[in-house]
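See below for the structure under consideration.
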Amino acid sequence: MGRSGEAKALGVSAFVAWFRAAAPYIHAFRGKIFVLAFGGDAMLREDFVDLIYDINLLNALGVRLVLVHGVRPQVEERLTTEAHYVRGRRVTDAEALEHVKDAVGSVRVDIESLLSVGLPNTPMAGADIRVASGNYVTAQPAGVVEGVDLQFTGDVRKIAVAAIRARLDAGEIVLLSPLGYSPTGEVFNLTLEEVATQAAIALCAEKLVFILDHGDSVDARGQRINRVTAAQVPRLLRDLPEGDMKLYLPHAAHACKKGVAKVHLISADVDGAVLMELFTHAGVGTMVTRQSVENLRTAGIDDVGGILSVIEPLETDGILVRRSRERLEQEVERFFVDELDGVIVGCVALYPFPEASAGEMACLAVASQFQGCGRGDALLGAVEDAARELGLTQLFVLTTRTAHWFIERGFALGGPEDLPAPRQAMYNWQRRSKVLVKKLEPS
């Protein structure tokens, strides 16, 4: 095989490997609501159409999309007088409001037209995307700030959740503009970051994604911030330079505290950043997680009662192997717990087998009233991080009921022969648990 053939084969192999690795994310994201926000500067980029292609792909994969756009540069281009800002917000007088409405209408039409393209030989071929936009945001005046009346600058008061969900259920993409309407018929100029954040919170979105038009997702030293919790954001903000990262991070933290599972901040300068951030393990931007993730910690002897309260219902149902209090007390140092307001709501254990560079993840459980909020994923992440720190290269889990959950998160079906020799000797052939294995990528 010649060099060109080898390169082609290598390219195909890499694509197949990536596509297979993306499969768990595709399964996990189908039917979930993502809110994707981008500024007016994005519309001015020559490669903006590539973002539209990626939006089309997300829609094709079954993600329910809410797009939020900005118009700041378009408005500034139309203004005949210098804009006045208070705490980063434009003072919107009657004249400026007309320019805002004009810019919003123009940008909205451009986005809708790009999403309507269905030409052959393009990534949009056969897309047939329908876009819904309208008065989905109720607003109220921002009032007087630092002695300055912001006039027609407003705050989000309410998101029309039922109406938006109805459009998403119909397979449409919902497009929100930075305008809000009052019950008395007034129009208010809003910020895209507030509209996106409040929409994500109200819709219980799985993800909120901010596209950074200015700057990258790096700290003051230029190092990429891969993951941060909402509680860590205030400390991080102190050293960040002015830019989109500093603008969006507080909103990301607020969204997480209010229930949005994950918020992503990614640079518009990276081609395909949305896809790489969402469909690869390492990502290319910053992921912000809710405050409760920070409450993940190693367990102590005082946590035994809380762990028992979480796992006993699953033991009764036969999902977990029954553990005595005495055994838990002996092995509690192997456990991680998810504590919320002083109450243990989830747990997981890691049993290392250093001679095989492997670790067993066991007893993953979340209290029923706290399921469906990403806590299982957070516990899995804690175990993976701990296993990497121990130098382990793979995780395995034995389960009788929840194999699909693990497969969707990168585990592959194996067999008892894939277990380390000491664990094989303890395998319960009567229970016949399925063995699932996951290779761990380096941090």
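Convention: chains lettered A, B, ... in structure tokens order; per-chain residue numbering from 1; ligands numbered from 1 as shown.
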Listing only residues of stretch 235-288 of chain A within 9 Å of stretch 363-373 of chain A, what is the closest atom pair and its distance in Å (to one decimal) for each, using only C-alpha atoms, sorted by chain and residue number ascending, as JSON lines?
```
{"residue": "A:Gly259", "atom": "CA", "partner": "A:Cys373", "partner_atom": "CA", "distance": 7.8}
{"residue": "A:Val260", "atom": "CA", "partner": "A:Cys373", "partner_atom": "CA", "distance": 8.6}
{"residue": "A:Ala261", "atom": "CA", "partner": "A:Cys373", "partner_atom": "CA", "distance": 6.7}
```
Given the selection you just returned, output its residues as a file containing C-alpha atoms, formatted as a PDB file, in the first residue's frame.
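This went into part00.pdb:
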```
ATOM      1  CA  GLY A 259     -30.520  22.504  38.012  1.00  0.00           C
ATOM      2  CA  VAL A 260     -28.914  22.550  34.551  1.00  0.00           C
ATOM      3  CA  ALA A 261     -26.793  19.406  34.436  1.00  0.00           C
TER       4      ALA A 261
END
```
Quiz item: If we count only C-alpha atoms, what is near A:His99 at a cut-off of 7 Å, once residues fewer than 5 positions away on the same chain are taken out, given as a PyMOL selection string?
Solution: chain A and resi 75+78-79
Can those selected residues be exported to a file as a PDB file, in the first residue's frame so that it contains C-alpha atoms?
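What ended up in result_28.pdb:
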```pdb
ATOM      1  CA  VAL A  75     -26.900  47.262  16.977  1.00  0.00           C
ATOM      2  CA  ARG A  78     -26.793  51.052  13.450  1.00  0.00           C
ATOM      3  CA  LEU A  79     -26.424  53.527  16.346  1.00  0.00           C
TER       4      LEU A  79
END
```
Exercise. Could you give me, as a list in words, the residues within 12 Å of A:Gly185, counting only C-alpha atoms and dropping anything in the same chain fewer than 3 positions from it?
Key: Asn135, Thr138, Ala139, Gln140, Gly180, Tyr181, Ser182 and Phe188 of chain A
Exercise. As JSON, numbers by chain, please: all residues of stretch 12-185 of chain A that backbone DSSP puts in alpha helix (DSSP H).
Key: {"A": [12, 13, 14, 15, 16, 17, 18, 19, 20, 21, 22, 23, 24, 25, 26, 27, 28, 29, 40, 41, 42, 43, 48, 49, 50, 51, 52, 53, 54, 55, 56, 57, 58, 59, 60, 72, 73, 74, 75, 76, 77, 78, 94, 95, 96, 97, 98, 99, 100, 101, 102, 103, 104, 105, 106, 107, 108, 109, 110, 111, 112, 113, 114, 115, 161, 162, 163, 164, 165, 166, 167, 168, 169]}
Quiz item: Excluding same-chain residues fewer than 3 positions from A:Leu192, what lies within 6 Å of it counting only C-alpha atoms, as an MDAnalysis selection string?
Solution: chainID A and resid 70 178 195:196
Within 9 Å of stretch 162-168 of chain A, counting only C-alpha atoms, which residues qualify if same-chain residues fewer than 5 places away don't, as a compact mmCIF listing (two decimals) with C-alpha atoms, in the first residue's frame?
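And here is the file that came out, result.txt:
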```txt
# COMPACT_ATOMS: atom_id res chain seq x y z
CA ILE A 33 -32.89 19.67 25.48
CA ARG A 64 -34.00 19.10 20.99
CA LEU A 65 -32.41 22.48 20.33
CA VAL A 66 -33.10 25.96 21.60
CA VAL A 131 -37.58 26.96 13.04
CA ALA A 132 -40.00 28.42 15.59
CA TYR A 136 -41.55 33.19 24.24
CA ILE A 173 -35.73 24.14 16.52
CA VAL A 174 -36.72 27.08 18.74
CA LEU A 203 -36.71 24.04 30.45
```
Quiz item: Could you pull the residues within 8 Å of stretch 226-233 of chain A, counting only C-alpha atoms, minus those fewer than 3 positions along the same chain, as an MDAnalysis selection string?
Solution: chainID A and resid 236:237 249:250 252:254 256:257 282:291 293:294
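By chain and then residue number, the residues within 10 Å of A:Val91 are Ala83, His84, Tyr85, Val86, Ala96, Leu97, Ala142, Val148, Asp149, Leu150, Gln151, Phe152, Thr153, Gly154 and Asn189 of chain A, counting only C-alpha atoms and disregarding those fewer than 5 positions away in sequence.
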For the residues in that selection, give me N, CA and C atoms as a compact mmCIF listing (two decimals), in the first residue's frame.
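New file out.txt:
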```txt
# COMPACT_ATOMS: atom_id res chain seq x y z
N ALA A 83 -22.91 54.33 22.47
CA ALA A 83 -23.69 53.55 23.43
C ALA A 83 -23.18 53.80 24.85
N HIS A 84 -24.11 53.79 25.81
CA HIS A 84 -23.77 53.99 27.21
C HIS A 84 -24.07 52.69 27.96
N TYR A 85 -23.07 52.20 28.70
CA TYR A 85 -23.22 50.92 29.41
C TYR A 85 -23.13 51.14 30.91
N VAL A 86 -23.93 50.40 31.66
CA VAL A 86 -23.88 50.37 33.11
C VAL A 86 -23.75 48.91 33.54
N ALA A 96 -32.56 53.76 20.51
CA ALA A 96 -31.74 52.55 20.50
C ALA A 96 -32.60 51.30 20.39
N LEU A 97 -33.78 51.33 21.03
CA LEU A 97 -34.67 50.17 20.97
C LEU A 97 -35.10 49.87 19.54
N ALA A 142 -35.44 46.74 33.75
CA ALA A 142 -34.34 46.56 34.68
C ALA A 142 -34.33 47.66 35.73
N VAL A 148 -28.70 55.33 37.28
CA VAL A 148 -29.00 55.51 35.86
C VAL A 148 -30.23 54.68 35.50
N ASP A 149 -31.21 55.31 34.87
CA ASP A 149 -32.41 54.61 34.39
C ASP A 149 -32.05 53.87 33.10
N LEU A 150 -32.15 52.56 33.12
CA LEU A 150 -31.81 51.77 31.94
C LEU A 150 -32.91 51.78 30.88
N GLN A 151 -34.04 52.41 31.18
CA GLN A 151 -35.14 52.64 30.25
C GLN A 151 -35.67 51.34 29.66
N PHE A 152 -35.40 51.07 28.39
CA PHE A 152 -35.97 49.88 27.74
C PHE A 152 -35.03 48.67 27.81
N THR A 153 -34.06 48.71 28.69
CA THR A 153 -33.28 47.51 28.99
C THR A 153 -34.04 46.73 30.06
N GLY A 154 -34.19 45.44 29.86
CA GLY A 154 -35.03 44.66 30.76
C GLY A 154 -34.37 43.41 31.32
N ASN A 189 -35.02 45.32 25.70
CA ASN A 189 -33.74 44.80 25.22
C ASN A 189 -33.12 43.95 26.33
```
Quiz item: How many Å lie between atom CA of A:Asp317 and atom CA of A:Ser433, rounded to one decimal?
Solution: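 Going from atom CA of A:Asp317 over to atom CA of A:Ser433, I get 14.7 Å.
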Exercise. Based on DSSP run over this structure's backbone, return all residues of stretch 151-253 of chain A in strand (DSSP E or B), as a list in words.
Key: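 DSSP on the backbone gives strand (DSSP E or B) at Gln151, Thr153, Gly154, Asp155, Val156, Arg157, Lys158, Ile159, Ile173, Val174, Leu175, Leu176, Leu179, Gly180, Tyr181, Val187, Phe188, Asn189, Lys207, Leu208, Val209, Phe210, Ile211, Leu212, Val218, Arg224, Arg227, Val228 and Thr229 of chain A.
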Could you write those residues out with N, CA and C atoms, as a JSON list (two decimals), in the first residue's frame?
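Output file again.json is given in full below:
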```
[["chain", "number", "residue", "atom", "x", "y", "z"],
["A", 151, "GLN", "N", -34.04, 52.41, 31.18],
["A", 151, "GLN", "CA", -35.14, 52.64, 30.25],
["A", 151, "GLN", "C", -35.67, 51.34, 29.66],
["A", 153, "THR", "N", -34.06, 48.71, 28.69],
["A", 153, "THR", "CA", -33.28, 47.51, 28.99],
["A", 153, "THR", "C", -34.04, 46.73, 30.06],
["A", 154, "GLY", "N", -34.19, 45.44, 29.86],
["A", 154, "GLY", "CA", -35.03, 44.66, 30.76],
["A", 154, "GLY", "C", -34.37, 43.41, 31.32],
["A", 155, "ASP", "N", -35.10, 42.76, 32.19],
["A", 155, "ASP", "CA", -34.72, 41.47, 32.77],
["A", 155, "ASP", "C", -35.75, 40.43, 32.38],
["A", 156, "VAL", "N", -35.30, 39.20, 32.26],
["A", 156, "VAL", "CA", -36.22, 38.10, 31.97],
["A", 156, "VAL", "C", -37.12, 37.87, 33.17],
["A", 157, "ARG", "N", -38.40, 37.82, 32.92],
["A", 157, "ARG", "CA", -39.37, 37.57, 33.98],
["A", 157, "ARG", "C", -39.92, 36.16, 33.92],
["A", 158, "LYS", "N", -40.13, 35.65, 32.69],
["A", 158, "LYS", "CA", -40.73, 34.33, 32.55],
["A", 158, "LYS", "C", -40.42, 33.77, 31.16],
["A", 159, "ILE", "N", -40.24, 32.47, 31.10],
["A", 159, "ILE", "CA", -40.04, 31.75, 29.84],
["A", 159, "ILE", "C", -41.29, 30.92, 29.56],
["A", 173, "ILE", "N", -36.75, 23.43, 15.75],
["A", 173, "ILE", "CA", -35.73, 24.14, 16.52],
["A", 173, "ILE", "C", -36.35, 25.46, 16.96],
["A", 174, "VAL", "N", -36.18, 25.82, 18.23],
["A", 174, "VAL", "CA", -36.72, 27.08, 18.74],
["A", 174, "VAL", "C", -35.59, 28.11, 18.75],
["A", 175, "LEU", "N", -35.87, 29.29, 18.20],
["A", 175, "LEU", "CA", -34.90, 30.37, 18.12],
["A", 175, "LEU", "C", -35.36, 31.53, 19.00],
["A", 176, "LEU", "N", -34.56, 31.85, 20.01],
["A", 176, "LEU", "CA", -34.89, 32.95, 20.92],
["A", 176, "LEU", "C", -33.97, 34.13, 20.64],
["A", 179, "LEU", "N", -34.83, 39.78, 23.04],
["A", 179, "LEU", "CA", -35.94, 40.70, 23.25],
["A", 179, "LEU", "C", -36.97, 40.04, 24.15],
["A", 180, "GLY", "N", -37.62, 40.83, 24.99],
["A", 180, "GLY", "CA", -38.68, 40.33, 25.84],
["A", 180, "GLY", "C", -39.87, 41.26, 25.77],
["A", 181, "TYR", "N", -41.02, 40.71, 26.09],
["A", 181, "TYR", "CA", -42.27, 41.46, 25.96],
["A", 181, "TYR", "C", -43.00, 41.48, 27.30],
["A", 187, "VAL", "N", -41.69, 46.43, 24.78],
["A", 187, "VAL", "CA", -40.59, 45.59, 24.32],
["A", 187, "VAL", "C", -39.32, 46.00, 25.07],
["A", 188, "PHE", "N", -38.55, 45.01, 25.51],
["A", 188, "PHE", "CA", -37.34, 45.30, 26.28],
["A", 188, "PHE", "C", -36.13, 44.61, 25.65],
["A", 189, "ASN", "N", -35.02, 45.32, 25.70],
["A", 189, "ASN", "CA", -33.74, 44.80, 25.22],
["A", 189, "ASN", "C", -33.12, 43.95, 26.33],
["A", 207, "LYS", "N", -28.14, 20.50, 28.79],
["A", 207, "LYS", "CA", -26.91, 21.26, 28.59],
["A", 207, "LYS", "C", -27.22, 22.69, 28.16],
["A", 208, "LEU", "N", -26.34, 23.59, 28.59],
["A", 208, "LEU", "CA", -26.31, 24.97, 28.11],
["A", 208, "LEU", "C", -24.92, 25.18, 27.53],
["A", 209, "VAL", "N", -24.86, 25.64, 26.28],
["A", 209, "VAL", "CA", -23.59, 25.81, 25.59],
["A", 209, "VAL", "C", -23.42, 27.27, 25.20],
["A", 210, "PHE", "N", -22.33, 27.90, 25.63],
["A", 210, "PHE", "CA", -21.99, 29.25, 25.23],
["A", 210, "PHE", "C", -20.83, 29.20, 24.23],
["A", 211, "ILE", "N", -21.01, 29.84, 23.07],
["A", 211, "ILE", "CA", -19.94, 29.98, 22.10],
["A", 211, "ILE", "C", -19.19, 31.27, 22.41],
["A", 212, "LEU", "N", -17.88, 31.18, 22.62],
["A", 212, "LEU", "CA", -17.06, 32.34, 22.95],
["A", 212, "LEU", "C", -16.57, 33.00, 21.67],
["A", 218, "VAL", "N", -9.67, 29.55, 28.68],
["A", 218, "VAL", "CA", -8.41, 29.37, 29.40],
["A", 218, "VAL", "C", -8.39, 30.27, 30.63],
["A", 224, "ARG", "N", -5.87, 25.77, 29.53],
["A", 224, "ARG", "CA", -7.29, 25.47, 29.32],
["A", 224, "ARG", "C", -7.93, 24.97, 30.61],
["A", 227, "ARG", "N", -12.47, 21.48, 33.45],
["A", 227, "ARG", "CA", -13.69, 21.25, 34.24],
["A", 227, "ARG", "C", -13.63, 22.11, 35.49],
["A", 228, "VAL", "N", -14.75, 22.67, 35.87],
["A", 228, "VAL", "CA", -14.82, 23.50, 37.07],
["A", 228, "VAL", "C", -16.22, 23.36, 37.66],
["A", 229, "THR", "N", -16.32, 23.41, 38.96],
["A", 229, "THR", "CA", -17.63, 23.37, 39.61],
["A", 229, "THR", "C", -18.14, 24.79, 39.81]]
```
Quiz item: How far is it from atom CA of A:Glu417 to atom CA of A:Val383, in Å with one decimal?
Solution: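 Separating atom CA of A:Glu417 from atom CA of A:Val383 is a distance of 22.8 Å.
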Practice problem: Have a look at A:Glu315, A:Glu95, A:Glu384, A:Glu389 and name the one nearest to A:Leu440; count only C-alpha atoms. | Solution: A:Glu384
Self-check item: Which of A:Gln430, A:Gln330, A:Thr298, A:Ser13 sits closest to A:Ala349 [using only C-alpha atoms]
Solution: A:Thr298
Quiz prompt | Which residue of A:Ala255, A:Ala412, A:Val337, A:Ile319 approaches A:Arg431 most closely, using only C-alpha atoms | solution =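 Closest to A:Arg431, using only C-alpha atoms: A:Ile319.
Here atom CA of A:Phe29 stands at a distance of 9.4 Å from atom CA of A:Leu278.
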Quiz item: From the set A:Ile201, A:Met43, A:Ala299, A:Ala220, which residue has the shortest atom-to-atom contact distance to A:Val348, counting only C-alpha atoms?
Solution: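 Ranked by minimum distance to A:Val348, first place goes to A:Ala299.
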